[in-house]
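This is structure36.txt (compact mmCIF, C-alpha atoms).
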# COMPACT_ATOMS: atom_id res chain seq x y z
CA SER A 1 0.00 0.00 0.00
CA LYS A 2 1.02 3.64 -0.38
CA PHE A 3 1.01 4.07 3.41
CA SER A 4 3.30 1.09 4.04
CA ASN A 5 5.65 2.26 1.28
CA PHE A 6 5.78 5.72 2.84
CA THR A 7 6.41 4.24 6.29
CA SER A 8 9.22 2.08 4.95
CA TYR A 9 10.77 5.06 3.18
CA PHE A 10 10.56 7.21 6.32
CA VAL A 11 12.16 4.52 8.49
CA ASP A 12 14.97 3.98 5.95
CA PHE A 13 15.60 7.73 5.76
CA PHE A 14 15.66 8.14 9.54
CA VAL A 15 18.01 5.19 10.10
CA CYS A 16 20.42 6.37 7.40
CA TRP A 17 20.40 9.87 8.89
CA PHE A 18 20.87 8.56 12.44
CA HIS A 19 23.85 6.42 11.53
CA SER A 20 25.41 9.14 9.40
CA LEU A 21 25.71 11.18 12.58
CA LYS A 22 27.92 8.48 14.08
CA GLY A 23 30.53 8.93 11.40
CA LYS A 24 33.13 6.18 11.26
CA LEU A 25 32.01 2.79 12.50
CA MET A 26 32.80 2.15 16.14
CA HIS A 27 33.88 -1.19 17.53
CA HIS A 28 32.47 -3.03 20.49
CA ASP A 29 34.44 -3.31 23.70
CA VAL A 30 34.64 -6.92 24.86
CA GLN A 31 34.09 -6.03 28.53
CA HIS A 32 30.95 -4.05 27.71
CA LEU A 33 29.60 -7.00 25.73
CA SER A 34 30.44 -9.44 28.49
CA ASN A 35 28.84 -7.24 31.14
CA PHE A 36 25.67 -6.79 29.08
CA TYR A 37 25.09 -10.52 28.68
CA LYS A 38 26.24 -11.57 32.15
CA HIS A 39 25.04 -8.80 34.42
CA THR A 40 21.86 -7.27 32.97
CA LYS A 41 18.37 -8.72 32.88
CA LEU A 42 17.96 -7.55 29.31
CA GLY A 43 21.19 -9.21 28.22
CA ARG A 44 20.25 -12.52 29.81
CA SER A 45 16.87 -12.45 28.06
CA VAL A 46 18.55 -11.74 24.72
CA GLN A 47 21.00 -14.58 25.29
CA SER A 48 18.24 -17.07 26.05
CA ILE A 49 16.20 -16.12 22.99
CA LEU A 50 19.09 -16.02 20.54
CA ALA A 51 20.69 -19.22 21.86
CA ASP A 52 17.40 -21.05 21.33
CA SER A 53 17.17 -19.63 17.81
CA VAL A 54 20.70 -20.71 16.91
CA PHE A 55 20.10 -24.20 18.31
CA GLY A 56 16.96 -24.34 16.17
CA PHE A 57 19.10 -23.83 13.08
CA TRP A 58 21.76 -26.37 14.14
CA PRO A 59 20.40 -28.88 16.68
CA ASN A 60 23.04 -31.50 15.89
CA THR A 61 26.74 -30.61 15.58
CA LYS A 62 28.15 -33.96 16.68
CA GLY A 63 31.54 -34.56 15.09
CA LEU A 64 31.66 -31.10 13.49
CA THR A 65 34.12 -28.23 13.81
CA VAL A 66 32.16 -25.25 15.14
CA ALA A 67 33.39 -21.66 15.48
CA GLY A 68 32.11 -18.19 16.24
CA TYR A 69 33.30 -14.73 15.30
CA GLY A 70 32.69 -11.30 16.87
CA PHE A 71 31.20 -11.93 20.29
CA PRO A 72 29.44 -15.28 19.80
CA LEU A 73 29.74 -16.56 23.39
CA PRO A 74 26.06 -15.99 24.32
CA VAL A 75 24.90 -18.47 21.66
CA LEU A 76 27.83 -20.88 21.36
CA GLU A 77 27.35 -23.20 24.33
CA PRO A 78 24.33 -25.17 23.04
CA ILE A 79 25.98 -25.92 19.69
CA ILE A 80 29.47 -26.88 20.88
CA LYS A 81 28.54 -29.45 23.55
CA ASN A 82 28.86 -32.37 21.13
CA SER A 83 31.10 -30.80 18.51
CA LYS A 84 34.44 -32.27 17.53
CA ARG A 85 36.29 -28.97 17.86
CA SER A 86 35.26 -25.45 18.79
CA LEU A 87 36.72 -21.98 18.94
CA ALA A 88 35.64 -18.36 19.25
CA MET A 89 37.46 -15.61 17.35
CA MET A 90 37.26 -11.97 18.36
CA PRO A 91 38.53 -8.97 16.37
CA GLU A 92 41.56 -7.18 17.76
CA LYS A 93 39.81 -3.79 17.98
CA GLN A 94 37.16 -5.34 20.21
CA GLY A 95 39.43 -7.34 22.50
CA VAL A 96 39.13 -10.88 23.83
CA ILE A 97 38.25 -12.65 27.08
CA SER A 98 38.87 -16.17 28.29
CA TRP A 99 35.92 -18.54 27.95
CA PRO A 100 34.52 -20.85 29.17
CA ILE A 101 35.42 -20.06 32.76
CA ASP A 102 35.59 -23.63 34.09
CA LYS A 103 37.14 -25.31 31.04
CA LYS A 104 40.01 -24.91 28.61
CA ASN A 105 39.91 -21.51 26.88
CA ILE A 106 38.68 -21.58 23.27
CA CYS A 107 38.83 -17.84 22.56
CA LEU A 108 41.48 -16.12 20.47
CA LEU A 109 42.21 -12.64 19.15
CA CYS A 110 42.53 -12.26 15.39
CA GLU A 111 42.78 -9.83 12.51
CA GLU A 112 39.35 -8.97 11.19
CA THR A 113 39.97 -10.28 7.68
CA GLN A 114 42.92 -12.65 8.21
CA TRP A 115 41.98 -15.56 10.42
CA PRO A 116 44.57 -18.10 11.61
CA LEU A 117 42.59 -20.98 10.13
CA SER A 118 43.27 -23.25 7.19
CA THR A 119 40.98 -23.07 4.17
CA GLY A 120 37.86 -25.21 4.45
CA LEU A 121 38.36 -26.04 8.13
CA LEU A 122 34.93 -25.11 9.54
CA ASP A 123 31.62 -26.93 9.36
CA ARG A 124 29.57 -24.35 11.24
CA LEU A 125 30.29 -20.67 11.91
CA VAL A 126 28.11 -18.17 13.78
CA ILE A 127 28.85 -14.44 13.38
CA MET A 128 27.39 -12.28 16.14
CA HIS A 129 28.35 -8.65 16.86
CA GLY A 130 30.93 -8.97 14.10
CA LEU A 131 29.62 -8.02 10.66
CA GLU A 132 27.83 -4.78 11.53
CA THR A 133 30.93 -3.16 13.04
CA SER A 134 33.34 -4.33 10.35
CA GLU A 135 35.09 -1.59 8.38
CA ASN A 136 35.84 -4.15 5.64
CA SER A 137 32.66 -6.18 5.49
CA ARG A 138 33.29 -7.55 2.00
CA ASP A 139 36.77 -8.81 2.94
CA LEU A 140 35.32 -10.28 6.12
CA LEU A 141 32.68 -12.16 4.15
CA LEU A 142 35.31 -13.45 1.73
CA GLU A 143 37.31 -14.73 4.70
CA ILE A 144 34.20 -16.47 6.00
CA TYR A 145 33.72 -18.07 2.59
CA ARG A 146 37.35 -19.24 2.62
CA VAL A 147 37.26 -21.03 5.96
CA LEU A 148 33.99 -22.88 5.38
CA GLY A 149 34.45 -26.44 4.19
CA PRO A 150 32.25 -28.43 1.78
CA GLY A 151 28.71 -28.31 3.11
CA GLY A 152 29.77 -25.70 5.66
CA ARG A 153 27.22 -23.22 6.95
CA ALA A 154 27.45 -19.74 8.42
CA LEU A 155 24.80 -18.05 10.53
CA PHE A 156 24.74 -14.25 10.76
CA ILE A 157 23.09 -12.42 13.65
CA VAL A 158 22.81 -8.69 12.92
CA PRO A 159 20.70 -5.74 14.11
CA ASN A 160 17.53 -5.20 12.11
CA ARG A 161 17.64 -1.81 10.38
CA SER A 162 13.98 -1.02 11.00
CA GLY A 163 13.82 -2.31 14.58
CA LEU A 164 13.87 -0.39 17.86
CA TRP A 165 17.01 -2.15 19.07
CA ALA A 166 19.20 -0.47 16.44
CA ARG A 167 18.27 2.93 17.91
CA ARG A 168 18.68 2.26 21.62
CA ASP A 169 22.27 3.00 22.58
CA HIS A 170 22.24 1.01 25.81
CA THR A 171 22.33 -2.32 23.93
CA PRO A 172 25.06 -3.79 21.66
CA PHE A 173 22.58 -3.86 18.78
CA ALA A 174 22.83 -0.08 18.40
CA MET A 175 26.51 -0.27 17.47
CA GLY A 176 27.66 -0.27 13.86
CA ARG A 177 25.65 -0.73 10.68
CA PRO A 178 22.20 -2.38 10.97
CA TYR A 179 20.85 -4.45 8.10
CA SER A 180 17.55 -5.19 6.46
CA LEU A 181 17.08 -8.79 5.38
CA GLY A 182 17.42 -7.76 1.73
CA GLN A 183 20.68 -5.92 2.37
CA LEU A 184 22.15 -8.90 4.21
CA GLU A 185 21.09 -11.31 1.47
CA ARG A 186 22.66 -9.19 -1.26
CA GLN A 187 25.92 -8.70 0.61
CA VAL A 188 26.50 -12.36 1.43
CA THR A 189 25.44 -13.48 -2.05
CA ASP A 190 27.92 -11.10 -3.66
CA CYS A 191 30.69 -12.91 -1.75
CA GLY A 192 29.71 -16.39 -2.87
CA LEU A 193 27.54 -17.41 0.10
CA LEU A 194 24.09 -18.81 -0.66
CA PRO A 195 21.27 -17.83 1.75
CA LYS A 196 19.24 -20.85 2.80
CA ALA A 197 16.95 -19.71 5.61
CA HIS A 198 16.26 -16.74 7.82
CA ARG A 199 14.19 -15.60 10.76
CA ALA A 200 13.65 -12.49 12.85
CA SER A 201 14.08 -12.29 16.61
CA LEU A 202 13.88 -9.90 19.58
CA PHE A 203 10.33 -8.66 19.19
CA PHE A 204 10.05 -7.31 22.72
CA PRO A 205 11.20 -3.72 23.47
CA PRO A 206 14.84 -3.22 24.58
CA SER A 207 13.90 -2.44 28.17
CA ASP A 208 15.06 -3.75 31.56
CA SER A 209 11.51 -3.40 32.87
CA ASN A 210 10.31 -6.50 34.72
CA PHE A 211 7.07 -6.32 32.75
CA TRP A 212 8.76 -6.65 29.37
CA GLN A 213 11.18 -9.29 30.67
CA LYS A 214 8.34 -11.40 32.05
CA PHE A 215 6.47 -11.43 28.77
CA SER A 216 9.42 -11.56 26.36
CA PRO A 217 8.75 -15.24 25.39
CA THR A 218 5.15 -14.30 24.57
CA TRP A 219 6.33 -11.37 22.44
CA GLU A 220 8.67 -13.71 20.57
CA ALA A 221 5.95 -16.24 19.90
CA VAL A 222 3.45 -13.62 18.72
CA GLY A 223 5.95 -11.50 16.81
CA SER A 224 7.30 -14.44 14.81
CA LYS A 225 3.82 -14.95 13.36
CA LEU A 226 3.34 -11.28 12.46
CA SER A 227 5.45 -8.64 10.70
CA GLN A 228 9.23 -8.95 11.02
CA HIS A 229 9.61 -5.23 10.37
CA PHE A 230 10.13 -4.23 14.01
CA ALA A 231 12.16 -7.20 15.22
CA GLY A 232 15.47 -6.32 16.89
CA GLY A 233 17.60 -8.88 15.10
CA VAL A 234 17.90 -10.74 11.82
CA LEU A 235 19.30 -14.28 11.66
CA MET A 236 20.34 -15.77 8.34
Can the structure from this file be put into structure tokens for me?
Amino acid sequence: SKFSNFTSYFVDFFVCWFHSLKGKLMHHDVQHLSNFYKHTKLGRSVQSILADSVFGFWPNTKGLTVAGYGFPLPVLEPIIKNSKRSLAMMPEKQGVISWPIDKKNICLLCEETQWPLSTGLLDRLVIMHGLETSENSRDLLLEIYRVLGPGGRALFIVPNRSGLWARRDHTPFAMGRPYSLGQLERQVTDCGLLPKAHRASLFFPPSDSNFWQKFSPTWEAVGSKLSQHFAGGVLM
């Protein structure tokens, strides 16, 4: 309809204007990310929802080599329990922490577009808080393509360009460049990756309010059956 087209245009214009004010892309700080997911109610809710979504994509990783890039720790645990090998790579401008706490560390610091991995090594790769802050997103995607083996799959978790989360600075989803589903599809396709499936997530408002936290599972269930326009995150 003309109204929906106008609304979409207005949202696109506002988001482009808002992010133009930020100038050069900023990078996450690893301690801020860790604190958000470990020490805030909102972060713990996001972790629960996104971890369930990732597990829904890859419920069985037995015998596979599984990795994450950016800050993938909130969603890694369910998919590495039965994996053959696992690691988490974090860009040098973000910083790195040791994880898991009670087991051998699997985290390492790396160049954004030059990973210390052999070609075709990975079976599964989840990118979270990594693509949207990259200053060389095409080179990053080409590196992702390089390290995936035959039948390998990558899962991108990025802020939704039209969602509230991309405009609330107190969450990690407001950092960097948000994406629409169409933008993400075009960018990964241009680098040789073939989109297979997608879903939206984070339909509840980015608030620490007990009310919104209590009903966040209900929002997710209802939102997934309605418009994806205002979801906080895109998974593909």
- Item | Distance of atom CA of Met89 of chain A from atom CA of Ser162 of chain A, expressed in Å to one decimal place |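 Interatomic distance here is 28.4 Å.
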Hey, which bits of segment 175-213 of chain A sit within 7 Å of segment 130-144 of chain A, and for each residue what's the closest pair of atoms and how far apart in Å (one decimal), counting only C-alpha atoms, rows by chain and increasing number, as CSV?
residue,atom,partner,partner_atom,distance
A:Met175,CA,A:Thr133,CA,6.9
A:Gly176,CA,A:Thr133,CA,4.4
A:Arg177,CA,A:Glu132,CA,4.7
A:Pro178,CA,A:Glu132,CA,6.1
A:Val188,CA,A:Leu141,CA,6.8
A:Cys191,CA,A:Leu142,CA,5.8
I'd like a table as JSON lines: residues in segment 151-207 of chain A with an atom no more than 12 Å from segment 63-87 of chain A, each row giving the shortest atom pair and its distance in Å to one decimal, all atoms listed in the file counted, sorted by chain and rising residue number.
{"residue": "A:Gly151", "atom": "CA", "partner": "A:Leu64", "partner_atom": "CA", "distance": 11.1}
{"residue": "A:Gly152", "atom": "CA", "partner": "A:Thr65", "partner_atom": "CA", "distance": 9.6}
{"residue": "A:Arg153", "atom": "CA", "partner": "A:Val66", "partner_atom": "CA", "distance": 9.8}
{"residue": "A:Ala154", "atom": "CA", "partner": "A:Gly68", "partner_atom": "CA", "distance": 9.2}
{"residue": "A:Leu155", "atom": "CA", "partner": "A:Gly68", "partner_atom": "CA", "distance": 9.3}
{"residue": "A:Phe156", "atom": "CA", "partner": "A:Tyr69", "partner_atom": "CA", "distance": 9.7}
{"residue": "A:Ile157", "atom": "CA", "partner": "A:Pro72", "partner_atom": "CA", "distance": 9.3}
{"residue": "A:Val158", "atom": "CA", "partner": "A:Gly70", "partner_atom": "CA", "distance": 11.0}
{"residue": "A:Pro172", "atom": "CA", "partner": "A:Phe71", "partner_atom": "CA", "distance": 10.3}
{"residue": "A:Phe173", "atom": "CA", "partner": "A:Phe71", "partner_atom": "CA", "distance": 11.9}
- atom CA of Leu235 of chain A to atom CA of Ala174 of chain A, straight-line distance in Å: 16.1 Å
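In this structure, atom CA of Met90 of chain A sits 23.4 Å away from atom CA of Glu185 of chain A.
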- Message: Ranking A:Met236, A:Val30, A:Leu202, A:Leu122 by minimum distance to Gln47 of chain A and counting all atoms listed in the file, which one comes first?
- Response: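 For Gln47 of chain A, the nearest of the candidates is A:Leu202.
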- Query: From the set A:Gly95, A:Gly163, A:Gly56, A:Pro116, which residue has the shortest atom-to-atom contact distance to Leu33 of chain A, counting all atoms listed in the file?
  - Reply: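 The shortest atom-to-atom distance to Leu33 of chain A comes from A:Gly95.
The smallest atom-to-atom distance between Ser53 of chain A and any of A:Thr189, A:Ser118, A:Gln31, A:Ser201, using only C-alpha atoms, is found for A:Ser201.
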- So which residues touch Leu42 of chain A within 8 Å, counting only C-alpha atoms, skipping near sequence neighbours fewer than 5 positions away, as a list in words? Phe36, Tyr37, Pro206, Ser207, Asp208 and Gln213 of chain A
Given the selection you just returned, output its residues as a file containing C-alpha atoms, formatted as an mmCIF file, in the frame of the given file.
data_model
loop_
_atom_site.group_PDB
_atom_site.id
_atom_site.type_symbol
_atom_site.label_atom_id
_atom_site.label_comp_id
_atom_site.auth_asym_id
_atom_site.auth_seq_id
_atom_site.Cartn_x
_atom_site.Cartn_y
_atom_site.Cartn_z
ATOM 1 C CA PHE A 36 25.670 -6.790 29.080
ATOM 2 C CA TYR A 37 25.090 -10.520 28.680
ATOM 3 C CA PRO A 206 14.840 -3.220 24.580
ATOM 4 C CA SER A 207 13.900 -2.440 28.170
ATOM 5 C CA ASP A 208 15.060 -3.750 31.560
ATOM 6 C CA GLN A 213 11.180 -9.290 30.670
#
- Item | Residue with smallest distance to Leu109 of chain A - pool A:Lys93, A:Arg146, A:His39, A:His198, counting all atoms listed in the file |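 Nearest to Leu109 of chain A: A:Lys93.
Each of A:Ser98, A:Ser209, A:Thr171, A:Asn105 was compared to Gly43 of chain A using only C-alpha atoms, and A:Thr171 turns out to be the nearest.
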- Check the smallest atom-to-atom distance from each of A:Pro91, A:Met26, A:Asp102, A:Lys41 to Asn210 of chain A using only C-alpha atoms, then report the winner.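 Smallest separation from Asn210 of chain A among the options: A:Lys41.
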Where atoms are absent from segment 31-43 of chain A, fill them in so it carries N, CA, C and O atoms, then output it as a PDB file, in the coordinates of the input.
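File written: rebuild20.pdb
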ATOM      1  N   GLN A  31      34.588  -6.052  27.155  1.00  0.00           N
ATOM      2  CA  GLN A  31      34.090  -6.030  28.530  1.00  0.00           C
ATOM      3  C   GLN A  31      32.656  -5.507  28.597  1.00  0.00           C
ATOM      4  O   GLN A  31      31.846  -6.001  29.391  1.00  0.00           O
ATOM      5  N   HIS A  32      32.334  -4.543  27.748  1.00  0.00           N
ATOM      6  CA  HIS A  32      30.950  -4.050  27.710  1.00  0.00           C
ATOM      7  C   HIS A  32      30.005  -5.146  27.236  1.00  0.00           C
ATOM      8  O   HIS A  32      28.905  -5.311  27.787  1.00  0.00           O
ATOM      9  N   LEU A  33      30.419  -5.894  26.223  1.00  0.00           N
ATOM     10  CA  LEU A  33      29.600  -7.000  25.730  1.00  0.00           C
ATOM     11  C   LEU A  33      29.413  -8.059  26.799  1.00  0.00           C
ATOM     12  O   LEU A  33      28.306  -8.543  27.035  1.00  0.00           O
ATOM     13  N   SER A  34      30.510  -8.424  27.444  1.00  0.00           N
ATOM     14  CA  SER A  34      30.440  -9.440  28.490  1.00  0.00           C
ATOM     15  C   SER A  34      29.538  -8.995  29.640  1.00  0.00           C
ATOM     16  O   SER A  34      28.702  -9.769  30.136  1.00  0.00           O
ATOM     17  N   ASN A  35      29.670  -7.751  30.048  1.00  0.00           N
ATOM     18  CA  ASN A  35      28.840  -7.240  31.140  1.00  0.00           C
ATOM     19  C   ASN A  35      27.362  -7.210  30.765  1.00  0.00           C
ATOM     20  O   ASN A  35      26.494  -7.502  31.594  1.00  0.00           O
ATOM     21  N   PHE A  36      27.063  -6.846  29.519  1.00  0.00           N
ATOM     22  CA  PHE A  36      25.670  -6.790  29.080  1.00  0.00           C
ATOM     23  C   PHE A  36      25.017  -8.165  29.183  1.00  0.00           C
ATOM     24  O   PHE A  36      23.905  -8.304  29.714  1.00  0.00           O
ATOM     25  N   TYR A  37      25.690  -9.186  28.699  1.00  0.00           N
ATOM     26  CA  TYR A  37      25.090 -10.520  28.680  1.00  0.00           C
ATOM     27  C   TYR A  37      25.155 -11.246  30.014  1.00  0.00           C
ATOM     28  O   TYR A  37      24.324 -12.109  30.296  1.00  0.00           O
ATOM     29  N   LYS A  38      26.103 -10.884  30.865  1.00  0.00           N
ATOM     30  CA  LYS A  38      26.240 -11.570  32.150  1.00  0.00           C
ATOM     31  C   LYS A  38      25.528 -10.867  33.283  1.00  0.00           C
ATOM     32  O   LYS A  38      25.038 -11.516  34.215  1.00  0.00           O
ATOM     33  N   HIS A  39      25.450  -9.539  33.243  1.00  0.00           N
ATOM     34  CA  HIS A  39      25.040  -8.800  34.420  1.00  0.00           C
ATOM     35  C   HIS A  39      23.781  -7.954  34.255  1.00  0.00           C
ATOM     36  O   HIS A  39      23.435  -7.203  35.178  1.00  0.00           O
ATOM     37  N   THR A  40      23.112  -8.016  33.109  1.00  0.00           N
ATOM     38  CA  THR A  40      21.860  -7.270  32.970  1.00  0.00           C
ATOM     39  C   THR A  40      20.720  -8.233  32.648  1.00  0.00           C
ATOM     40  O   THR A  40      20.904  -9.241  31.974  1.00  0.00           O
ATOM     41  N   LYS A  41      19.548  -7.890  33.148  1.00  0.00           N
ATOM     42  CA  LYS A  41      18.370  -8.720  32.880  1.00  0.00           C
ATOM     43  C   LYS A  41      18.074  -8.767  31.381  1.00  0.00           C
ATOM     44  O   LYS A  41      17.719  -9.825  30.836  1.00  0.00           O
ATOM     45  N   LEU A  42      18.225  -7.618  30.736  1.00  0.00           N
ATOM     46  CA  LEU A  42      17.960  -7.550  29.310  1.00  0.00           C
ATOM     47  C   LEU A  42      18.925  -8.451  28.536  1.00  0.00           C
ATOM     48  O   LEU A  42      18.531  -9.194  27.637  1.00  0.00           O
ATOM     49  N   GLY A  43      20.199  -8.396  28.890  1.00  0.00           N
ATOM     50  CA  GLY A  43      21.190  -9.210  28.220  1.00  0.00           C
ATOM     51  C   GLY A  43      20.937 -10.699  28.386  1.00  0.00           C
ATOM     52  O   GLY A  43      21.088 -11.490  27.438  1.00  0.00           O
TER      53      GLY A  43
END
